[in-house]
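Colleague: One file: run39.cif (mmCIF, C-alpha atoms and all ligand atoms).
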```cif
data_input
loop_
_atom_site.label_atom_id
_atom_site.label_comp_id
_atom_site.auth_asym_id
_atom_site.auth_seq_id
_atom_site.Cartn_x
_atom_site.Cartn_y
_atom_site.Cartn_z
CA MET A 1 -18.78 -37.13 28.78
CA LEU A 2 -18.61 -39.95 26.23
CA LYS A 3 -18.31 -43.44 27.67
CA LEU A 4 -17.61 -46.64 25.81
CA GLN A 5 -18.36 -49.63 28.02
CA HIS A 6 -17.10 -53.07 27.01
CA VAL A 7 -17.73 -52.39 23.33
CA SER A 8 -17.17 -55.24 20.88
CA LYS A 9 -17.67 -55.60 17.14
CA HIS A 10 -17.49 -58.61 14.87
CA PHE A 11 -17.48 -58.78 11.10
CA ASP A 12 -18.09 -62.21 9.55
CA ASN A 13 -17.60 -63.87 12.96
CA LYS A 14 -14.20 -62.25 13.33
CA ALA A 15 -13.64 -59.90 16.28
CA VAL A 16 -12.54 -56.47 15.10
CA LEU A 17 -12.95 -54.73 18.45
CA ASP A 18 -12.97 -56.72 21.66
CA ASP A 19 -14.12 -55.26 24.99
CA ILE A 20 -13.14 -51.61 24.51
CA SER A 21 -13.84 -49.29 27.46
CA VAL A 22 -12.89 -45.64 27.51
CA GLU A 23 -14.17 -42.37 28.96
CA ILE A 24 -13.69 -39.07 27.16
CA GLY A 25 -14.43 -35.88 29.06
CA THR A 26 -15.78 -32.57 27.78
CA GLY A 27 -13.14 -30.64 25.89
CA GLU A 28 -10.85 -33.66 25.73
CA ILE A 29 -9.02 -34.42 22.51
CA VAL A 30 -8.28 -38.09 22.03
CA SER A 31 -6.30 -39.86 19.34
CA LEU A 32 -6.84 -43.51 18.48
CA LEU A 33 -3.67 -45.38 17.71
CA GLY A 34 -3.41 -48.78 16.12
CA PRO A 35 -2.08 -50.65 13.12
CA SER A 36 -3.94 -50.80 9.83
CA GLY A 37 -7.08 -52.91 10.16
CA SER A 38 -7.19 -52.71 13.96
CA GLY A 39 -10.67 -51.14 13.99
CA LYS A 40 -10.10 -47.38 14.37
CA THR A 41 -12.57 -46.38 11.64
CA THR A 42 -15.05 -48.96 12.94
CA LEU A 43 -14.91 -47.41 16.40
CA LEU A 44 -15.48 -43.89 15.05
CA ASN A 45 -18.40 -45.16 12.95
CA MET A 46 -19.96 -46.76 16.01
CA ILE A 47 -19.73 -43.48 17.97
CA LEU A 48 -21.22 -41.66 14.97
CA GLY A 49 -24.06 -44.16 14.74
CA LEU A 50 -23.23 -45.48 11.29
CA THR A 51 -22.16 -48.92 12.52
CA LYS A 52 -24.09 -50.95 15.08
CA VAL A 53 -22.45 -51.98 18.34
CA ASP A 54 -22.60 -55.78 18.80
CA GLN A 55 -21.91 -55.87 22.53
CA GLY A 56 -21.41 -53.21 25.16
CA LYS A 57 -22.71 -49.66 25.32
CA ILE A 58 -21.89 -46.17 24.17
CA LEU A 59 -23.20 -43.42 26.47
CA PHE A 60 -23.21 -39.66 25.97
CA HIS A 61 -23.86 -37.73 29.15
CA ASP A 62 -25.14 -41.02 30.55
CA GLN A 63 -27.69 -41.51 27.75
CA ASP A 64 -27.39 -44.90 26.08
CA LEU A 65 -26.98 -44.18 22.37
CA SER A 66 -28.00 -47.64 21.16
CA ARG A 67 -31.49 -46.43 20.23
CA VAL A 68 -30.48 -42.93 19.19
CA PRO A 69 -30.23 -42.69 15.40
CA MET A 70 -27.21 -41.05 13.81
CA LYS A 71 -29.08 -37.86 12.89
CA LYS A 72 -30.26 -37.31 16.45
CA ARG A 73 -26.84 -37.77 18.06
CA GLY A 74 -25.56 -34.39 16.89
CA PHE A 75 -22.08 -35.77 16.12
CA ASN A 76 -20.24 -35.46 12.84
CA ILE A 77 -17.21 -36.91 11.11
CA VAL A 78 -14.62 -36.10 8.50
CA PHE A 79 -14.37 -39.39 6.61
CA GLN A 80 -11.01 -40.78 5.57
CA ASP A 81 -12.10 -40.73 1.92
CA TYR A 82 -13.93 -37.35 2.37
CA ALA A 83 -17.25 -38.70 0.95
CA LEU A 84 -17.93 -35.43 -0.92
CA PHE A 85 -20.79 -35.12 -3.39
CA PRO A 86 -19.20 -35.12 -6.87
CA ASN A 87 -22.22 -33.50 -8.53
CA LEU A 88 -22.04 -30.43 -6.27
CA ASN A 89 -19.40 -27.72 -6.22
CA ALA A 90 -17.18 -27.05 -3.21
CA TYR A 91 -19.48 -24.40 -1.69
CA GLU A 92 -22.58 -26.53 -2.15
CA ASN A 93 -20.80 -29.39 -0.41
CA ILE A 94 -19.84 -27.16 2.51
CA VAL A 95 -23.35 -25.88 3.15
CA TYR A 96 -25.14 -29.13 2.31
CA GLY A 97 -25.64 -30.18 5.93
CA LEU A 98 -26.91 -26.79 7.08
CA ARG A 99 -30.40 -26.99 5.69
CA ASN A 100 -32.89 -26.85 8.54
CA LYS A 101 -30.17 -27.58 11.06
CA LYS A 102 -30.50 -25.84 14.39
CA GLY A 103 -27.31 -24.71 16.11
CA ALA A 104 -25.20 -24.83 12.96
CA ALA A 105 -22.91 -22.05 11.79
CA SER A 106 -24.40 -18.69 10.74
CA PRO A 107 -23.67 -17.47 7.19
CA GLN A 108 -20.92 -15.27 8.63
CA GLU A 109 -19.35 -18.20 10.50
CA VAL A 110 -19.52 -20.32 7.32
CA HIS A 111 -17.49 -17.65 5.53
CA GLU A 112 -15.03 -17.48 8.42
CA TYR A 113 -14.42 -21.22 8.06
CA ILE A 114 -14.07 -20.85 4.29
CA ASP A 115 -11.50 -18.06 4.72
CA PHE A 116 -9.61 -19.84 7.45
CA LEU A 117 -9.42 -23.02 5.35
CA GLU A 118 -8.31 -20.92 2.35
CA LEU A 119 -11.14 -22.22 0.20
CA GLN A 120 -12.44 -18.94 -1.20
CA PRO A 121 -10.78 -19.34 -4.65
CA HIS A 122 -12.13 -22.87 -5.03
CA LEU A 123 -15.79 -22.52 -4.06
CA LYS A 124 -17.19 -22.84 -7.56
CA LYS A 125 -15.05 -25.82 -8.53
CA ARG A 126 -16.57 -29.28 -8.88
CA ILE A 127 -15.06 -31.88 -6.57
CA GLY A 128 -13.25 -33.51 -9.48
CA GLU A 129 -11.43 -30.24 -10.13
CA LEU A 130 -9.97 -30.02 -6.62
CA SER A 131 -6.58 -31.27 -5.44
CA GLY A 132 -6.40 -33.84 -2.62
CA GLY A 133 -5.63 -31.16 -0.03
CA GLN A 134 -8.44 -28.92 -1.29
CA LYS A 135 -10.89 -31.81 -1.09
CA GLN A 136 -9.78 -32.54 2.43
CA ARG A 137 -10.31 -28.90 3.45
CA VAL A 138 -13.80 -28.92 1.87
CA ALA A 139 -14.59 -32.07 3.86
CA LEU A 140 -13.36 -30.40 7.05
CA ALA A 141 -15.36 -27.24 6.37
CA ARG A 142 -18.49 -29.26 5.63
CA THR A 143 -18.21 -30.99 8.99
CA LEU A 144 -17.09 -28.01 11.08
CA VAL A 145 -19.96 -25.77 9.94
CA THR A 146 -22.46 -28.20 11.45
CA LYS A 147 -20.87 -27.50 14.87
CA PRO A 148 -21.09 -31.11 16.04
CA LYS A 149 -21.18 -31.96 19.75
CA ILE A 150 -18.54 -34.55 19.03
CA LEU A 151 -16.14 -34.04 16.15
CA LEU A 152 -14.81 -37.32 14.76
CA LEU A 153 -11.80 -37.07 12.48
CA ASP A 154 -10.60 -40.02 10.42
CA GLU A 155 -7.12 -38.97 9.30
CA PRO A 156 -8.40 -35.49 8.49
CA LEU A 157 -5.15 -33.69 7.70
CA SER A 158 -3.18 -36.34 5.84
CA ALA A 159 -3.28 -34.53 2.47
CA LEU A 160 -2.25 -31.14 3.88
CA ASP A 161 1.17 -29.60 4.22
CA GLY A 162 2.94 -27.88 7.11
CA VAL A 163 1.63 -24.37 7.69
CA ILE A 164 -2.05 -24.94 7.01
CA LYS A 165 -2.01 -28.27 8.81
CA GLU A 166 -0.65 -26.58 11.94
CA SER A 167 -3.15 -23.72 11.80
CA ILE A 168 -6.08 -26.14 11.35
CA LYS A 169 -4.91 -28.17 14.34
CA GLN A 170 -4.70 -25.05 16.47
CA ARG A 171 -8.15 -23.91 15.34
CA ILE A 172 -9.74 -27.27 16.13
CA LYS A 173 -8.04 -27.23 19.51
CA SER A 174 -9.31 -23.74 20.21
CA ILE A 175 -12.90 -24.76 19.41
CA TYR A 176 -12.99 -28.21 20.91
CA GLY A 177 -10.11 -28.56 23.32
CA ARG A 178 -11.47 -26.63 26.29
CA ALA A 179 -13.48 -27.54 29.33
CA ASP A 180 -15.93 -24.75 28.45
CA ALA A 181 -16.28 -25.83 24.85
CA GLY A 182 -20.06 -26.05 25.09
CA GLN A 183 -19.92 -29.78 25.69
CA ARG A 184 -17.99 -30.47 22.55
CA HIS A 185 -15.50 -33.24 22.19
CA VAL A 186 -13.16 -34.43 19.52
CA CYS A 187 -12.05 -37.94 18.79
CA GLY A 188 -9.51 -38.27 16.06
CA ARG A 189 -7.83 -41.25 14.59
CA ILE A 190 -4.23 -40.63 14.31
CA GLY A 191 -2.86 -41.72 10.99
CA HIS A 192 -0.03 -39.36 10.38
CA ASP A 193 -1.48 -36.11 11.48
CA LEU A 194 -3.00 -35.95 14.92
CA ARG A 195 -0.07 -37.17 16.91
CA HIS A 196 0.87 -33.65 18.02
CA PHE A 197 -2.68 -32.72 18.79
CA ARG A 198 -2.44 -32.84 22.55
N1 LIG A 201 -18.47 -53.39 6.75
C1 LIG A 201 -17.50 -54.27 6.95
N2 LIG A 201 -17.68 -55.57 6.66
C2 LIG A 201 -16.74 -56.49 6.89
N3 LIG A 201 -15.52 -56.20 7.40
C3 LIG A 201 -15.28 -54.92 7.71
C4 LIG A 201 -16.24 -53.89 7.50
N4 LIG A 201 -15.70 -52.71 7.92
C5 LIG A 201 -14.48 -52.99 8.35
N5 LIG A 201 -14.20 -54.32 8.24
C6 LIG A 201 -12.98 -54.99 8.63
O1 LIG A 201 -12.73 -54.62 9.99
C7 LIG A 201 -11.33 -54.46 10.20
C8 LIG A 201 -11.07 -53.08 10.78
O2 LIG A 201 -11.30 -52.09 9.76
P1 LIG A 201 -11.14 -50.56 10.07
O3 LIG A 201 -11.40 -49.84 8.79
O4 LIG A 201 -11.95 -50.20 11.25
O5 LIG A 201 -9.59 -50.48 10.45
P2 LIG A 201 -8.61 -49.22 10.63
O6 LIG A 201 -7.89 -49.43 11.93
O7 LIG A 201 -9.39 -47.97 10.51
O8 LIG A 201 -7.63 -49.43 9.39
P3 LIG A 201 -6.74 -48.38 8.52
O9 LIG A 201 -5.74 -47.78 9.49
O10 LIG A 201 -6.10 -49.26 7.50
O11 LIG A 201 -7.70 -47.37 7.94
C9 LIG A 201 -10.65 -54.71 8.85
O12 LIG A 201 -10.17 -56.03 8.84
C10 LIG A 201 -11.77 -54.53 7.85
O13 LIG A 201 -11.57 -55.34 6.72
#
```
For the structure just supplied, provide its representation as structure tokens.
Ligand SMILES: Nc1ncnc2c1ncn2[C@@H]1O[C@H](COP(=O)(O)OP(=O)(O)OP(=O)(O)O)[C@@H](O)[C@H]1O
Modeller:
Amino acid sequence: MLKLQHVSKHFDNKAVLDDISVEIGTGEIVSLLGPSGSGKTTLLNMILGLTKVDQGKILFHDQDLSRVPMKKRGFNIVFQDYALFPNLNAYENIVYGLRNKKGAASPQEVHEYIDFLELQPHLKKRIGELSGGQKQRVALARTLVTKPKILLLDEPLSALDGVIKESIKQRIKSIYGRADAGQRHVCGRIGHDLRHFR
């Protein structure tokens, strides 16, 4: 269970998020809706641990996360701008986060994700040689293989077209959208692509 209790955030003395409270249960898939600039990315970054909470609390299974650094939270995100490493090829990007990481995907599972995301033909390409949709799938693979306890998605499917978009949604739902999902959760921000998630 993830709980946000009266969470607020200011940038330059301007309130971006004001007194947000929400509870997200195990296996629940939640979409954040709001106009551009309303603080959706900021909220995801606060859950991830990248951005500090000014007021209020974020709790995961009743543990206050305020003193838990990002690396120890066990959550992961697909960033809106992918944040891939341009000096590494697609495969190196995908497995980058696996070094010394307990509970992450096995080599066989990594290859299942690569196949499912149709990335096999692109593994040796540098990031600059990939299309927008290919980059987005690499970013998804890189995050999914770490098997995060909470999967945060910041407009993760916006560069993808119909068939693959649908199959990725179904796959994410099958991993994360169940009460027995091994205490995994997903929080997505909606953009154009998660509105049919539920
Ligand atoms: N590090 C920062 N420093 C100052 N202001 C920031 C910072 N990060 C975000 N903001 C501001 O906070 C507000 C919310 O930004 P955020 O990116 O969370 O919105 P969003 O809802 O995700 O927007 P979009 O849908 O356009 O991606 C914006 O006005 C933005 O300029």
Colleague: Listing only residues of chain A within 6 Å of ligand LIG 201 (chain A), what is the closest atom pair and its distance in Å (to one decimal) for each, using all atoms listed in the file, sorted by chain and residue number ascending, as JSON lines?
Modeller:
```
{"residue": "A:Phe11", "atom": "CA", "partner": "A:LIG201", "partner_atom": "C2", "distance": 4.8}
{"residue": "A:Val16", "atom": "CA", "partner": "A:LIG201", "partner_atom": "C7", "distance": 5.4}
{"residue": "A:Pro35", "atom": "CA", "partner": "A:LIG201", "partner_atom": "O9", "distance": 5.9}
{"residue": "A:Ser36", "atom": "CA", "partner": "A:LIG201", "partner_atom": "O10", "distance": 3.5}
{"residue": "A:Gly37", "atom": "CA", "partner": "A:LIG201", "partner_atom": "O5", "distance": 3.5}
{"residue": "A:Ser38", "atom": "CA", "partner": "A:LIG201", "partner_atom": "O6", "distance": 3.9}
{"residue": "A:Gly39", "atom": "CA", "partner": "A:LIG201", "partner_atom": "O4", "distance": 3.2}
{"residue": "A:Lys40", "atom": "CA", "partner": "A:LIG201", "partner_atom": "O6", "distance": 3.9}
{"residue": "A:Thr41", "atom": "CA", "partner": "A:LIG201", "partner_atom": "O7", "distance": 3.7}
{"residue": "A:Thr42", "atom": "CA", "partner": "A:LIG201", "partner_atom": "O4", "distance": 3.7}
```
Colleague: Tell me, in Å to one decimal, how far atom CA of A:Ile29 is from atom CA of A:Ser174.
Modeller: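 Straight-line distance from atom CA of A:Ile29 to atom CA of A:Ser174 works out to 10.9 Å.
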Colleague: Point out the residue among A:Leu43, A:Leu98, A:Leu157, A:Leu59 with the least atom-to-atom distance to A:Ile24, counting only C-alpha atoms.
Modeller: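 Of A:Leu43, A:Leu98, A:Leu157, A:Leu59, the one nearest A:Ile24, counting only C-alpha atoms, is A:Leu59.
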Colleague: Would you kindly return, as a PyMOL selection string, each protein, DNA or RNA residue with an atom no farther than 10 Å from any atom of A:His122, considering only C-alpha atoms and excluding same-chain residues fewer than 2 positions away?
Modeller: chain A and resi 89-91+114+118-120+124-127+129-130+134-135+138
Colleague: As an MDAnalysis selection string, please: the residues near A:Leu4 (cut-off 10 Å, only C-alpha atoms, same-chain neighbours under 3 positions excluded).
Modeller: chainID A and resid 7:8 19:24 43 47 56:60 64
Colleague: Mind pulling up the distance from atom CA of A:Phe75 to atom CA of A:Leu48?
Modeller: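 Between atom CA of A:Leu48 and atom CA of A:Phe75 the gap is 6.1 Å.
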Colleague: Please report the interatomic distance between atom CA of A:Met1 and atom CA of A:His61 in Å with one decimal.
Modeller: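 Pair atom CA of A:Met1 / atom CA of A:His61 returns 5.1 Å.
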Colleague: Just the residues within 9 Å of A:Ile77, please, counting only C-alpha atoms, with nothing from its chain fewer than 6 positions along; format it as a PyMOL selection string.
Modeller: chain A and resi 44-45+48+140+143-144+148+150-154
Colleague: Using only C-alpha atoms, give me every residue within 10 Å of (-4.5, -32.3, 5.0) in file coordinates, as a short mmCIF file (atom, residue, chain, number, x, y, z; two decimals) with C-alpha atoms, in the frame of the given file.
Modeller:
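Output contents, as saved in selection25.cif:
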```
data_model
loop_
_atom_site.label_atom_id
_atom_site.label_comp_id
_atom_site.auth_asym_id
_atom_site.auth_seq_id
_atom_site.Cartn_x
_atom_site.Cartn_y
_atom_site.Cartn_z
CA GLY A 132 -6.40 -33.84 -2.62
CA GLY A 133 -5.63 -31.16 -0.03
CA GLN A 134 -8.44 -28.92 -1.29
CA LYS A 135 -10.89 -31.81 -1.09
CA GLN A 136 -9.78 -32.54 2.43
CA ARG A 137 -10.31 -28.90 3.45
CA LEU A 140 -13.36 -30.40 7.05
CA GLU A 155 -7.12 -38.97 9.30
CA PRO A 156 -8.40 -35.49 8.49
CA LEU A 157 -5.15 -33.69 7.70
CA SER A 158 -3.18 -36.34 5.84
CA ALA A 159 -3.28 -34.53 2.47
CA LEU A 160 -2.25 -31.14 3.88
CA ASP A 161 1.17 -29.60 4.22
CA GLY A 162 2.94 -27.88 7.11
CA ILE A 164 -2.05 -24.94 7.01
CA LYS A 165 -2.01 -28.27 8.81
CA GLU A 166 -0.65 -26.58 11.94
CA ILE A 168 -6.08 -26.14 11.35
CA HIS A 192 -0.03 -39.36 10.38
CA ASP A 193 -1.48 -36.11 11.48
#
```
Colleague: So which one's closest to A:Glu112, A:Gly177, A:His10, A:Thr26, A:Val145? Using all atoms listed in the file, please.
Modeller: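 The closest residue to A:Glu112 is A:Val145.
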Colleague: Under the rule that only C-alpha atoms are counted, which of A:Lys9, A:Leu2, A:Lys72, A:Ala104 is the nearest residue to A:Gly27?
Modeller: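 Closest candidate: A:Leu2.
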Colleague: So, with all atoms listed in the file as the atoms that count, which of A:Lys149, A:Lys71, A:Ile94, A:Leu88 lies closest to A:Ile175?
Modeller: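 Using all atoms listed in the file, the shortest distance to A:Ile175 belongs to A:Lys149.
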Colleague: Given all atoms listed in the file as the basis, pick out the residue of A:Ala139, A:His6, A:Leu117, A:Val53 nearest to A:Ser167.
Modeller: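 Closest candidate: A:Leu117.
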Colleague: Nearest to A:Asp62 among A:Ser131, A:Gln108, A:Gln5, A:Asn93, with distances taken over all atoms listed in the file: which residue is it?
Modeller: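 That would be A:Gln5, the residue with the smallest distance to A:Asp62.
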Colleague: Would it be fine to have stretch 11-133 of chain A, with C-alpha atoms, given as a compact mmCIF listing (two decimals), in the first residue's frame?
Modeller:
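And here is the file that came out, part.txt:
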```
# COMPACT_ATOMS: atom_id res chain seq x y z
CA PHE A 11 9.05 25.66 -6.54
CA ASP A 12 10.28 29.25 -6.18
CA ASN A 13 7.59 29.94 -3.56
CA LYS A 14 4.87 28.83 -5.97
CA ALA A 15 2.69 25.87 -4.98
CA VAL A 16 2.86 23.12 -7.58
CA LEU A 17 1.12 20.47 -5.49
CA ASP A 18 -1.10 21.46 -2.60
CA ASP A 19 -2.29 18.97 0.03
CA ILE A 20 -2.48 15.79 -2.07
CA SER A 21 -3.71 12.66 -0.27
CA VAL A 22 -4.21 9.34 -1.98
CA GLU A 23 -3.96 5.64 -1.16
CA ILE A 24 -2.93 3.08 -3.77
CA GLY A 25 -3.39 -0.59 -2.96
CA THR A 26 -1.32 -3.57 -4.03
CA GLY A 27 -1.95 -4.46 -7.65
CA GLU A 28 -3.78 -1.20 -8.27
CA ILE A 29 -3.13 0.71 -11.48
CA VAL A 30 -3.63 4.44 -11.13
CA SER A 31 -3.50 7.17 -13.74
CA LEU A 32 -2.77 10.78 -12.86
CA LEU A 33 -4.79 13.26 -14.84
CA GLY A 34 -4.19 16.97 -15.06
CA PRO A 35 -3.37 19.79 -17.44
CA SER A 36 0.17 20.56 -18.54
CA GLY A 37 2.19 21.97 -15.65
CA SER A 38 -0.19 20.71 -12.95
CA GLY A 39 2.53 18.67 -11.22
CA LYS A 40 2.11 15.09 -12.49
CA THR A 41 5.82 14.52 -13.15
CA THR A 42 6.67 16.22 -9.86
CA LEU A 43 4.42 13.80 -7.99
CA LEU A 44 5.97 10.76 -9.69
CA ASN A 45 9.46 12.10 -8.91
CA MET A 46 8.54 12.51 -5.26
CA ILE A 47 7.32 8.89 -5.05
CA LEU A 48 10.51 7.78 -6.79
CA GLY A 49 12.65 9.77 -4.36
CA LEU A 50 14.17 12.11 -6.91
CA THR A 51 12.33 15.19 -5.65
CA LYS A 52 11.99 16.10 -1.98
CA VAL A 53 8.56 16.42 -0.40
CA ASP A 54 8.11 19.87 1.20
CA GLN A 55 5.16 19.01 3.43
CA GLY A 56 3.25 15.83 4.14
CA LYS A 57 4.37 12.23 3.96
CA ILE A 58 4.73 9.37 1.54
CA LEU A 59 4.41 5.92 3.14
CA PHE A 60 5.00 2.50 1.62
CA HIS A 61 3.56 -0.33 3.68
CA ASP A 62 3.39 2.20 6.51
CA GLN A 63 7.11 3.06 6.31
CA ASP A 64 7.74 6.77 5.99
CA LEU A 65 9.89 7.20 2.88
CA SER A 66 11.22 10.65 3.76
CA ARG A 67 14.54 9.23 4.94
CA VAL A 68 14.69 6.35 2.47
CA PRO A 69 16.99 7.23 -0.44
CA MET A 70 15.84 6.59 -3.99
CA LYS A 71 18.07 3.53 -4.45
CA LYS A 72 16.69 1.83 -1.36
CA ARG A 73 13.02 2.35 -2.26
CA GLY A 74 13.04 -0.32 -4.95
CA PHE A 75 10.82 1.73 -7.27
CA ASN A 76 11.58 2.65 -10.86
CA ILE A 77 10.31 4.98 -13.54
CA VAL A 78 10.11 5.35 -17.29
CA PHE A 79 10.92 9.02 -17.75
CA GLN A 80 8.97 11.15 -20.18
CA ASP A 81 12.16 11.96 -22.09
CA TYR A 82 13.49 8.35 -21.66
CA ALA A 83 16.83 9.50 -20.13
CA LEU A 84 18.78 6.82 -22.04
CA PHE A 85 22.58 6.78 -22.08
CA PRO A 86 23.64 8.00 -25.54
CA ASN A 87 27.11 6.45 -25.30
CA LEU A 88 25.71 2.94 -24.79
CA ASN A 89 23.86 0.77 -27.27
CA ALA A 90 20.27 -0.36 -26.76
CA TYR A 91 21.20 -3.65 -25.06
CA GLU A 92 23.71 -1.98 -22.75
CA ASN A 93 21.03 0.52 -21.76
CA ILE A 94 18.56 -2.27 -21.00
CA VAL A 95 20.88 -4.21 -18.71
CA TYR A 96 22.56 -1.17 -17.17
CA GLY A 97 20.52 -1.27 -13.96
CA LEU A 98 20.96 -5.00 -13.40
CA ARG A 99 24.49 -4.96 -12.09
CA ASN A 100 24.53 -6.28 -8.55
CA LYS A 101 20.78 -5.87 -8.27
CA LYS A 102 18.98 -8.50 -6.25
CA GLY A 103 15.53 -9.55 -7.42
CA ALA A 104 15.97 -8.23 -10.94
CA ALA A 105 15.19 -10.18 -14.09
CA SER A 106 17.22 -13.30 -14.94
CA PRO A 107 19.07 -13.35 -18.29
CA GLN A 108 16.19 -15.42 -19.71
CA GLU A 109 13.59 -12.92 -18.47
CA VAL A 110 15.64 -10.04 -19.95
CA HIS A 111 15.46 -11.76 -23.33
CA GLU A 112 11.73 -12.34 -22.91
CA TYR A 113 11.25 -8.60 -22.38
CA ILE A 114 13.46 -7.85 -25.38
CA ASP A 115 11.42 -10.20 -27.58
CA PHE A 116 8.10 -8.99 -26.29
CA LEU A 117 9.10 -5.36 -26.91
CA GLU A 118 10.36 -6.34 -30.39
CA LEU A 119 13.81 -4.95 -29.69
CA GLN A 120 15.93 -7.87 -30.89
CA PRO A 121 16.89 -6.26 -34.26
CA HIS A 122 17.91 -3.02 -32.56
CA LEU A 123 20.07 -4.19 -29.66
CA LYS A 124 23.39 -3.13 -31.14
CA LYS A 125 22.20 0.30 -32.25
CA ARG A 126 23.34 3.44 -30.45
CA ILE A 127 20.53 5.49 -28.97
CA GLY A 128 20.94 8.13 -31.67
CA GLU A 129 20.21 5.49 -34.31
CA LEU A 130 16.83 4.53 -32.83
CA SER A 131 13.41 5.91 -33.75
CA GLY A 132 11.27 7.58 -31.07
CA GLY A 133 9.18 4.44 -30.57
```
